[in-house]
file start-v1.cif (mmCIF, C-alpha atoms)
data_upload
loop_
_atom_site.label_atom_id
_atom_site.label_comp_id
_atom_site.auth_asym_id
_atom_site.auth_seq_id
_atom_site.Cartn_x
_atom_site.Cartn_y
_atom_site.Cartn_z
CA MET A 4 45.09 -13.82 33.10
CA ARG A 5 47.38 -12.22 35.63
CA PRO A 6 48.17 -14.34 38.70
CA GLY A 7 48.05 -13.37 42.36
CA SER A 8 48.71 -15.12 45.64
CA GLY A 9 49.91 -14.60 49.10
CA TRP A 10 50.12 -14.65 52.82
CA PRO A 11 50.09 -11.04 54.07
CA GLU A 12 53.29 -9.58 55.41
CA ASP A 13 53.60 -10.18 59.14
CA PRO A 14 51.84 -7.19 60.72
CA ALA A 15 53.94 -7.51 63.87
CA THR A 16 56.73 -5.71 62.04
CA ALA A 17 54.56 -2.91 60.64
CA ALA A 18 52.92 0.14 62.19
CA THR A 19 49.41 -0.93 61.20
CA PRO A 20 46.41 0.62 63.00
CA VAL A 21 44.29 -1.95 64.82
CA ALA A 22 40.48 -1.95 64.75
CA THR A 23 39.03 -2.80 68.15
CA SER A 24 35.37 -1.97 67.45
CA PRO A 25 32.92 -2.20 64.54
CA ALA A 26 33.13 1.57 64.13
CA GLN A 27 36.89 1.36 63.71
CA VAL A 28 36.47 -1.47 61.21
CA ARG A 29 34.27 0.80 59.10
CA GLU A 30 36.76 3.66 59.36
CA LEU A 31 39.84 1.62 58.48
CA ALA A 32 38.18 -0.39 55.71
CA ALA A 33 37.10 2.84 54.01
CA ARG A 34 40.68 4.09 54.22
CA ALA A 35 42.29 1.20 52.31
CA GLY A 36 43.60 2.28 48.93
CA SER A 37 44.64 -1.16 47.66
CA VAL A 38 43.93 -4.82 48.38
CA GLY A 39 47.40 -5.07 49.93
CA GLU A 40 46.67 -2.25 52.35
CA LEU A 41 43.27 -3.76 53.10
CA ALA A 42 44.86 -7.13 53.89
CA ALA A 43 47.30 -5.50 56.32
CA LEU A 44 44.51 -3.63 58.10
CA GLU A 45 42.15 -6.57 58.46
CA SER A 46 44.88 -9.04 59.47
CA VAL A 47 45.29 -7.30 62.84
CA CYS A 48 41.59 -6.64 63.54
CA ARG A 49 40.40 -7.26 67.12
CA ALA A 50 36.84 -5.97 66.86
CA CYS A 51 34.99 -9.15 67.95
CA ASP A 52 35.95 -10.38 71.41
CA ARG A 53 34.53 -13.91 71.01
CA LEU A 54 36.29 -14.48 67.69
CA VAL A 55 39.60 -13.06 68.93
CA ALA A 56 39.50 -15.36 71.98
CA TRP A 57 38.64 -18.43 69.90
CA ARG A 58 41.14 -17.94 67.09
CA GLU A 59 43.95 -17.37 69.62
CA GLN A 60 42.89 -20.31 71.79
CA VAL A 61 42.98 -22.62 68.78
CA ALA A 62 46.41 -21.27 67.79
CA ALA A 63 47.74 -21.99 71.29
CA GLN A 64 46.04 -25.37 71.79
CA LYS A 65 46.96 -26.85 68.44
CA ARG A 66 45.54 -29.98 66.91
CA ARG A 67 47.95 -32.84 67.60
CA SER A 68 48.64 -33.44 63.90
CA PHE A 69 49.82 -29.82 63.55
CA ALA A 70 51.57 -29.52 66.90
CA GLY A 71 54.94 -28.70 65.35
CA GLN A 72 53.57 -26.03 63.02
CA PRO A 73 53.09 -22.31 63.66
CA TYR A 74 49.51 -21.04 63.58
CA TRP A 75 48.54 -17.73 62.00
CA GLY A 76 45.90 -17.17 64.69
CA ARG A 77 44.66 -13.83 63.26
CA PRO A 78 42.03 -12.64 60.79
CA VAL A 79 42.55 -14.20 57.36
CA PRO A 80 42.44 -11.61 54.55
CA GLY A 81 41.29 -12.21 51.02
CA TRP A 82 43.99 -13.29 48.60
CA GLY A 83 44.52 -13.73 44.88
CA ALA A 84 44.56 -11.50 41.82
CA GLU A 85 44.28 -7.76 42.41
CA ASP A 86 42.41 -7.43 39.11
CA ALA A 87 40.15 -10.44 39.73
CA ARG A 88 37.20 -11.02 37.46
CA VAL A 89 35.91 -13.81 39.72
CA LEU A 90 35.53 -13.40 43.49
CA ILE A 91 34.88 -16.55 45.55
CA VAL A 92 33.27 -15.84 48.94
CA GLY A 93 33.18 -18.43 51.71
CA LEU A 94 31.78 -18.38 55.23
CA ALA A 95 34.89 -18.03 57.43
CA PRO A 96 38.35 -19.59 57.89
CA ALA A 97 38.52 -23.08 59.37
CA ALA A 98 40.04 -23.30 62.84
CA HIS A 99 42.85 -25.62 61.74
CA GLY A 100 42.81 -24.57 58.07
CA GLY A 101 42.97 -20.85 57.32
CA ASN A 102 43.45 -19.99 60.99
CA ARG A 103 46.58 -22.14 60.89
CA THR A 104 47.96 -21.33 57.43
CA GLY A 105 46.90 -17.69 57.10
CA ARG A 106 45.19 -18.35 53.78
CA ILE A 107 41.49 -19.02 53.29
CA PHE A 108 40.54 -22.60 52.28
CA THR A 109 44.17 -23.68 52.67
CA GLY A 110 45.21 -26.72 54.65
CA ASP A 111 41.76 -28.25 55.18
CA ARG A 112 39.50 -30.84 53.55
CA SER A 113 37.15 -28.24 52.05
CA GLY A 114 40.09 -26.61 50.33
CA ASP A 115 41.25 -29.94 48.93
CA VAL A 116 37.99 -30.30 47.02
CA LEU A 117 37.63 -26.63 46.15
CA PHE A 118 41.11 -26.08 44.71
CA ALA A 119 40.98 -29.26 42.67
CA SER A 120 37.92 -27.82 40.93
CA LEU A 121 39.48 -24.36 40.55
CA TRP A 122 42.53 -25.99 38.95
CA ARG A 123 40.39 -27.99 36.53
CA SER A 124 38.55 -24.77 35.67
CA GLY A 125 41.76 -22.86 34.97
CA LEU A 126 41.42 -20.49 37.93
CA ALA A 127 44.22 -21.99 40.05
CA ALA A 128 47.80 -22.96 39.28
CA GLN A 129 47.72 -26.20 41.31
CA PRO A 130 45.06 -28.72 42.38
CA THR A 131 46.02 -28.33 46.05
CA SER A 132 46.45 -25.47 48.52
CA LEU A 133 48.38 -26.72 51.52
CA ALA A 134 50.26 -23.75 52.99
CA ALA A 135 51.30 -20.20 52.26
CA GLY A 136 54.35 -20.29 50.03
CA ASP A 137 53.37 -23.60 48.42
CA GLY A 138 53.35 -22.07 44.94
CA GLN A 139 49.58 -21.90 44.62
CA ARG A 140 48.27 -18.94 42.64
CA LEU A 141 44.87 -17.78 41.47
CA PHE A 142 44.33 -16.59 37.90
CA SER A 143 41.90 -13.68 37.42
CA ALA A 144 40.29 -14.84 40.65
CA ARG A 145 40.32 -13.87 44.30
CA MET A 146 39.16 -15.71 47.40
CA SER A 147 37.57 -14.13 50.45
CA ALA A 148 35.09 -14.78 53.26
CA ALA A 149 32.10 -13.12 54.87
CA VAL A 150 33.84 -13.37 58.27
CA ARG A 151 37.62 -13.10 58.53
CA CYS A 152 38.19 -14.99 61.82
CA ALA A 153 37.59 -18.66 62.57
CA PRO A 154 34.36 -18.92 64.61
CA PRO A 155 33.54 -21.53 67.26
CA ALA A 156 31.71 -24.49 65.69
CA ASN A 157 32.07 -22.74 62.30
CA LYS A 158 29.09 -20.54 63.24
CA PRO A 159 29.66 -16.79 63.35
CA THR A 160 26.86 -14.68 64.78
CA ILE A 161 24.95 -12.15 62.70
CA GLY A 162 26.57 -9.40 64.78
CA GLU A 163 30.03 -10.76 63.95
CA ARG A 164 29.13 -10.95 60.27
CA ASP A 165 27.93 -7.36 60.30
CA ALA A 166 31.00 -6.13 62.20
CA CYS A 167 33.23 -7.80 59.60
CA ALA A 168 31.19 -6.70 56.57
CA PRO A 169 33.12 -3.47 55.88
CA TRP A 170 36.25 -5.50 55.05
CA LEU A 171 34.36 -7.41 52.33
CA ALA A 172 32.62 -4.22 51.18
CA ALA A 173 35.99 -2.52 50.73
CA GLU A 174 37.34 -5.52 48.85
CA LEU A 175 34.38 -5.46 46.48
CA GLU A 176 34.93 -1.76 45.83
CA LEU A 177 38.66 -2.21 45.17
CA LEU A 178 37.87 -4.99 42.67
CA ARG A 179 34.97 -3.16 41.06
CA ALA A 180 36.63 -2.15 37.79
CA ASP A 181 37.36 -5.76 36.76
CA LEU A 182 34.92 -7.87 38.77
CA ARG A 183 32.32 -9.79 36.75
CA VAL A 184 31.34 -12.80 38.89
CA ILE A 185 30.87 -13.50 42.60
CA VAL A 186 30.62 -17.17 43.54
CA CYS A 187 29.04 -17.61 46.99
CA LEU A 188 29.98 -20.84 48.73
CA GLY A 189 26.94 -21.60 50.84
CA HIS A 190 23.84 -19.80 52.08
CA PHE A 191 25.70 -17.67 54.67
CA ALA A 192 27.97 -16.15 52.02
CA TRP A 193 25.01 -15.68 49.66
CA GLN A 194 23.06 -13.77 52.32
CA SER A 195 26.12 -11.71 53.25
CA VAL A 196 26.86 -10.22 49.82
CA TRP A 197 23.43 -8.77 48.98
CA PRO A 198 23.38 -5.89 51.50
CA LEU A 199 26.90 -4.95 50.41
CA LEU A 200 25.97 -4.94 46.73
CA THR A 201 22.87 -2.88 47.47
CA ALA A 202 24.88 -0.33 49.46
CA ALA A 203 27.44 -0.14 46.64
CA GLY A 204 24.75 0.82 44.12
CA TYR A 205 24.45 -2.46 42.21
CA ARG A 206 21.04 -3.24 40.71
CA VAL A 207 19.98 -6.00 43.07
CA PRO A 208 16.89 -7.93 41.93
CA ARG A 209 13.69 -7.66 43.97
CA PRO A 210 12.70 -9.84 45.66
CA ARG A 211 16.17 -10.90 46.70
CA PRO A 212 17.14 -14.11 44.85
CA ALA A 213 16.92 -17.37 46.77
CA PHE A 214 20.09 -19.37 47.31
CA GLY A 215 20.60 -22.59 45.40
CA HIS A 216 23.39 -24.50 43.75
CA GLY A 217 23.88 -22.94 40.34
CA ALA A 218 21.49 -20.07 41.09
CA GLU A 219 22.37 -16.89 39.18
CA ALA A 220 21.39 -13.27 39.67
CA VAL A 221 22.55 -10.38 37.49
CA THR A 222 23.29 -7.09 39.24
CA GLY A 223 24.47 -5.00 36.32
CA ALA A 224 28.10 -5.78 35.50
CA VAL A 225 28.36 -8.55 38.12
CA THR A 226 26.59 -11.93 38.18
CA VAL A 227 26.22 -13.62 41.56
CA VAL A 228 26.34 -17.43 41.41
CA GLY A 229 25.35 -19.80 44.23
CA CYS A 230 27.33 -22.91 45.06
CA TYR A 231 26.91 -25.47 47.81
CA HIS A 232 29.75 -25.18 50.29
CA PRO A 233 32.45 -27.86 49.75
CA SER A 234 32.35 -28.84 53.43
CA GLN A 235 33.19 -32.37 54.51
CA GLN A 236 29.54 -32.96 55.37
CA ASN A 237 28.40 -31.91 51.91
CA THR A 238 31.10 -33.78 49.99
CA PHE A 239 30.87 -36.98 52.08
CA THR A 240 27.08 -37.14 51.68
CA GLY A 241 27.19 -36.35 47.97
CA ARG A 242 25.20 -33.14 48.35
CA VAL A 243 27.97 -31.52 46.35
CA THR A 244 30.19 -33.45 43.92
CA ASP A 245 33.25 -32.68 41.84
CA ALA A 246 31.04 -32.42 38.77
CA MET A 247 28.73 -29.94 40.50
CA LEU A 248 31.65 -27.73 41.53
CA ASP A 249 33.18 -27.94 38.07
CA ALA A 250 29.88 -26.84 36.55
CA VAL A 251 29.71 -23.76 38.77
CA PHE A 252 33.30 -22.69 38.17
CA GLY A 253 33.09 -23.47 34.48
CA ARG A 254 30.07 -21.18 34.35
CA ALA A 255 31.97 -18.51 36.32
CA VAL A 256 34.81 -18.66 33.79
CA GLU A 257 32.28 -18.27 30.97
CA LEU A 258 30.47 -15.35 32.62
CA ALA A 259 33.77 -13.62 33.38
CA GLY A 260 34.85 -13.83 29.76
CA LEU A 261 37.91 -15.91 30.55
CA ALA A 262 39.40 -18.64 28.38
CA SER A 263 38.58 -22.18 29.53
CA PRO A 264 41.47 -24.66 30.02
CA ALA A 265 40.50 -26.45 26.78
CA GLU A 266 40.93 -23.22 24.84
#
call {"tool": "encode", "arguments": {"input": "start-v1.cif", "output": "structure tokens"}}
result
Amino acid sequence: MRPGSGWPEDPATAATPVATSPAQVRELAARAGSVGELAALESVCRACDRLVAWREQVAAQKRRSFAGQPYWGRPVPGWGAEDARVLIVGLAPAAHGGNRTGRIFTGDRSGDVLFASLWRSGLAAQPTSLAAGDGQRLFSARMSAAVRCAPPANKPTIGERDACAPWLAAELELLRADLRVIVCLGHFAWQSVWPLLTAAGYRVPRPRPAFGHGAEAVTGAVTVVGCYHPSQQNTFTGRVTDAMLDAVFGRAVELAGLASPAE
């Protein structure tokens, strides 16, 4: 397994074109020739006025416990292995998690639970993901989101999801040669990937598979697996447990043809 990690290079120092409309998102996403180039392009996107205003407001009016820390305050690109066999898709960055650290599921309670399971499954180098540069790495895996900016109340609109979709579509295409499993964290992510897979020519089952924890759907070379989102609400109420997450990621490792930690 080859590792990958990272916080994208600060776009303020680079001449990176900026998307300010959904049409420009489609144009720039289609232009990306590598996941690194894609990350640079999406990390300066300003296509959704409501999301831009919210992510920047949160970065300026910091949570008291993070008052002394810099906030990323921009779209949060996917990160991890460039030859990933497993892609993990969430909903969107958390306002004081990914929007602060610049890395999805990093620095928040959901990430604490998620990365502990990824580590036990052999997909992550450490059981925690606290900040960019903390040494965390993903092995044969990549992490992304249906929407790249933190939304108010953690609820992006359908229009915002659709405007952001070309970034995820481009990421799927760039990973296509190696990708074998997509793990969707929650119903929103599950619903988001199917139109993209259809447009990319994958054999999507009809009718479209219903979301459920542990649900599986084969689309040719890629199996899509459902997983309850490791949100605080779900973990505190026991709707999703460590054992349930471990079962999903253990299955993802198996489907991807990767060696389990015990092996």
call {"tool": "resolve_selection", "arguments": {"input": "start-v1.cif", "expression": "the PyMOL selection byres ((chain A and resi 156) around 12)", "output": "MDAnalysis selection string"}}
result
chainID A and resid 54 57:58 61 95:99 153:155 157:160
call {"tool": "closest_residue", "arguments": {"input": "start-v1.cif", "among": "A:Leu178, A:Ala250, A:Leu94, A:Val89", "to": "His190 of chain A", "atoms": "only C-alpha atoms"}}
result
A:Leu94
call {"tool": "resolve_selection", "arguments": {"input": "start-v1.cif", "expression": "the PyMOL selection byres ((chain A and resi 35) around 12)", "output": "list of chain:residue names"}}
result
A:Thr19, A:Pro20, A:Val28, A:Arg29, A:Glu30, A:Leu31, A:Ala32, A:Ala33, A:Arg34, A:Gly36, A:Ser37, A:Val38, A:Gly39, A:Glu40, A:Leu41, A:Ala42, A:Ala43, A:Leu44, A:Glu45, A:Pro169, A:Trp170, A:Leu171, A:Ala172, A:Ala173, A:Glu174, A:Leu175, A:Glu176, A:Leu177
call {"tool": "residues_around", "arguments": {"input": "start-v1.cif", "residues": "Tyr74 of chain A", "least_positions_apart": "3", "cutoff": "12 Å", "atoms": "all atoms listed in the file", "output": "JSON list (two decimals) with C-alpha atoms, in the frame of the given file"}}
result
[["chain", "number", "residue", "atom", "x", "y", "z"],
["A", 58, "ARG", "CA", 41.14, -17.94, 67.09],
["A", 59, "GLU", "CA", 43.95, -17.37, 69.62],
["A", 60, "GLN", "CA", 42.89, -20.31, 71.79],
["A", 61, "VAL", "CA", 42.98, -22.62, 68.78],
["A", 62, "ALA", "CA", 46.41, -21.27, 67.79],
["A", 63, "ALA", "CA", 47.74, -21.99, 71.29],
["A", 64, "GLN", "CA", 46.04, -25.37, 71.79],
["A", 65, "LYS", "CA", 46.96, -26.85, 68.44],
["A", 66, "ARG", "CA", 45.54, -29.98, 66.91],
["A", 69, "PHE", "CA", 49.82, -29.82, 63.55],
["A", 70, "ALA", "CA", 51.57, -29.52, 66.90],
["A", 71, "GLY", "CA", 54.94, -28.70, 65.35],
["A", 77, "ARG", "CA", 44.66, -13.83, 63.26],
["A", 78, "PRO", "CA", 42.03, -12.64, 60.79],
["A", 79, "VAL", "CA", 42.55, -14.20, 57.36],
["A", 97, "ALA", "CA", 38.52, -23.08, 59.37],
["A", 98, "ALA", "CA", 40.04, -23.30, 62.84],
["A", 99, "HIS", "CA", 42.85, -25.62, 61.74],
["A", 100, "GLY", "CA", 42.81, -24.57, 58.07],
["A", 101, "GLY", "CA", 42.97, -20.85, 57.32],
["A", 102, "ASN", "CA", 43.45, -19.99, 60.99],
["A", 103, "ARG", "CA", 46.58, -22.14, 60.89],
["A", 104, "THR", "CA", 47.96, -21.33, 57.43],
["A", 105, "GLY", "CA", 46.90, -17.69, 57.10],
["A", 106, "ARG", "CA", 45.19, -18.35, 53.78],
["A", 110, "GLY", "CA", 45.21, -26.72, 54.65],
["A", 134, "ALA", "CA", 50.26, -23.75, 52.99],
["A", 135, "ALA", "CA", 51.30, -20.20, 52.26]]
call {"tool": "resolve_selection", "arguments": {"input": "start-v1.cif", "expression": "the PyMOL selection byres ((chain A and resi 166) around 9)", "output": "list in words"}}
result
Ser24, Pro25, Ala26, Val28, Arg29, Ala50, Cys51, Val150, Ile161, Gly162, Glu163, Arg164, Asp165, Cys167, Ala168, Pro169 and Trp170 of chain A
call {"tool": "write_last_selection", "arguments": {"input": "start-v1.cif", "atoms": "C-alpha atoms", "output": "short mmCIF file (atom, residue, chain, number, x, y, z; two decimals), in the coordinates of the input"}}
result
data_model
loop_
_atom_site.label_atom_id
_atom_site.label_comp_id
_atom_site.auth_asym_id
_atom_site.auth_seq_id
_atom_site.Cartn_x
_atom_site.Cartn_y
_atom_site.Cartn_z
CA SER A 24 35.37 -1.97 67.45
CA PRO A 25 32.92 -2.20 64.54
CA ALA A 26 33.13 1.57 64.13
CA VAL A 28 36.47 -1.47 61.21
CA ARG A 29 34.27 0.80 59.10
CA ALA A 50 36.84 -5.97 66.86
CA CYS A 51 34.99 -9.15 67.95
CA VAL A 150 33.84 -13.37 58.27
CA ILE A 161 24.95 -12.15 62.70
CA GLY A 162 26.57 -9.40 64.78
CA GLU A 163 30.03 -10.76 63.95
CA ARG A 164 29.13 -10.95 60.27
CA ASP A 165 27.93 -7.36 60.30
CA CYS A 167 33.23 -7.80 59.60
CA ALA A 168 31.19 -6.70 56.57
CA PRO A 169 33.12 -3.47 55.88
CA TRP A 170 36.25 -5.50 55.05
#
call {"tool": "closest_atom_pairs", "arguments": {"input": "start-v1.cif", "of": "segment 173-197 of chain A", "to": "segment 217-240 of chain A", "cutoff": "10 Å", "atoms": "only C-alpha atoms", "output": "CSV"}}
result
residue,atom,partner,partner_atom,distance
A:Arg179,CA,A:Val225,CA,9.0
A:Ala180,CA,A:Ala224,CA,9.5
A:Asp181,CA,A:Ala224,CA,9.3
A:Leu182,CA,A:Val225,CA,6.6
A:Arg183,CA,A:Val225,CA,4.4
A:Val184,CA,A:Thr226,CA,4.9
A:Ile185,CA,A:Val227,CA,4.8
A:Val186,CA,A:Val228,CA,4.8
A:Cys187,CA,A:Gly229,CA,5.1
A:Leu188,CA,A:His232,CA,4.6
A:Gly189,CA,A:His232,CA,4.6
A:His190,CA,A:Tyr231,CA,7.7
A:Phe191,CA,A:His232,CA,9.6
A:Ala192,CA,A:Gly229,CA,9.0
A:Trp193,CA,A:Gly229,CA,6.8
A:Val196,CA,A:Val227,CA,9.0
A:Trp197,CA,A:Val227,CA,9.3
call {"tool": "write_last_selection", "arguments": {"input": "start-v1.cif", "atoms": "C-alpha atoms", "output": "tab-separated table (two decimals), in the frame of the given file"}}
result
chain	number	residue	atom	x	y	z
A	179	ARG	CA	34.97	-3.16	41.06
A	180	ALA	CA	36.63	-2.15	37.79
A	181	ASP	CA	37.36	-5.76	36.76
A	182	LEU	CA	34.92	-7.87	38.77
A	183	ARG	CA	32.32	-9.79	36.75
A	184	VAL	CA	31.34	-12.80	38.89
A	185	ILE	CA	30.87	-13.50	42.60
A	186	VAL	CA	30.62	-17.17	43.54
A	187	CYS	CA	29.04	-17.61	46.99
A	188	LEU	CA	29.98	-20.84	48.73
A	189	GLY	CA	26.94	-21.60	50.84
A	190	HIS	CA	23.84	-19.80	52.08
A	191	PHE	CA	25.70	-17.67	54.67
A	192	ALA	CA	27.97	-16.15	52.02
A	193	TRP	CA	25.01	-15.68	49.66
A	196	VAL	CA	26.86	-10.22	49.82
A	197	TRP	CA	23.43	-8.77	48.98
call {"tool": "atom_distance", "arguments": {"input": "start-v1.cif", "atom1": "atom CA of Leu126 of chain A", "atom2": "atom CA of Gly215 of chain A"}}
result
22.2 Å
call {"tool": "closest_residue", "arguments": {"input": "start-v1.cif", "among": "A:Gly241, A:Pro212, A:Gly76, A:Gly83", "to": "Ala128 of chain A", "atoms": "only C-alpha atoms"}}
result
A:Gly83
call {"tool": "atom_distance", "arguments": {"input": "start-v1.cif", "atom1": "atom CA of Ala149 of chain A", "atom2": "atom CA of Gly93 of chain A"}}
result
6.3 Å
call {"tool": "atom_distance", "arguments": {"input": "start-v1.cif", "atom1": "atom CA of Phe252 of chain A", "atom2": "atom CA of Arg123 of chain A"}}
result
9.0 Å
call {"tool": "residues_around", "arguments": {"input": "start-v1.cif", "residues": "Ala87 of chain A", "least_positions_apart": "2", "cutoff": "6 Å", "atoms": "all atoms listed in the file", "output": "count of residues only"}}
result
7
call {"tool": "closest_residue", "arguments": {"input": "start-v1.cif", "among": "A:Leu258, A:Pro208, A:Leu141, A:Arg49", "to": "Asp86 of chain A", "atoms": "all atoms listed in the file"}}
result
A:Leu141
call {"tool": "closest_residue", "arguments": {"input": "start-v1.cif", "among": "A:Gly125, A:Gly81, A:Gly260, A:Pro198", "to": "Cys152 of chain A", "atoms": "all atoms listed in the file"}}
result
A:Gly81
call {"tool": "decode", "arguments": {"input": "start-v1.cif", "residues": "segment 38-51 of chain A", "atoms": "N, CA and C atoms", "output": "compact mmCIF listing (two decimals), in the first residue's frame"}}
result
# COMPACT_ATOMS: atom_id res chain seq x y z
N VAL A 38 -4.70 14.64 -9.09
CA VAL A 38 -5.43 14.98 -7.87
C VAL A 38 -4.82 16.21 -7.20
N GLY A 39 -3.51 16.42 -7.39
CA GLY A 39 -2.89 17.62 -6.83
C GLY A 39 -3.40 18.88 -7.50
N GLU A 40 -3.50 18.84 -8.82
CA GLU A 40 -4.03 19.99 -9.55
C GLU A 40 -5.49 20.22 -9.20
N LEU A 41 -6.24 19.13 -9.07
CA LEU A 41 -7.65 19.25 -8.69
C LEU A 41 -7.78 19.90 -7.32
N ALA A 42 -6.96 19.50 -6.36
CA ALA A 42 -7.02 20.07 -5.02
C ALA A 42 -6.74 21.57 -5.05
N ALA A 43 -5.77 21.99 -5.85
CA ALA A 43 -5.45 23.41 -5.95
C ALA A 43 -6.62 24.20 -6.53
N LEU A 44 -7.27 23.64 -7.55
CA LEU A 44 -8.38 24.34 -8.19
C LEU A 44 -9.59 24.45 -7.27
N GLU A 45 -9.93 23.36 -6.59
CA GLU A 45 -11.12 23.40 -5.75
C GLU A 45 -10.89 24.18 -4.46
N SER A 46 -9.65 24.28 -4.01
CA SER A 46 -9.39 24.95 -2.73
C SER A 46 -9.55 26.47 -2.80
N VAL A 47 -9.77 27.01 -3.98
CA VAL A 47 -10.02 28.46 -4.10
C VAL A 47 -11.40 28.74 -4.69
N CYS A 48 -12.25 27.72 -4.80
CA CYS A 48 -13.56 27.88 -5.42
C CYS A 48 -14.42 28.87 -4.63
N ARG A 49 -15.18 29.71 -5.37
CA ARG A 49 -16.09 30.68 -4.77
C ARG A 49 -17.43 30.65 -5.50
N ALA A 50 -17.86 29.46 -5.90
CA ALA A 50 -19.05 29.35 -6.76
C ALA A 50 -20.37 29.48 -6.00
N CYS A 51 -20.39 29.23 -4.69
CA CYS A 51 -21.64 29.24 -3.93
C CYS A 51 -21.59 30.35 -2.89
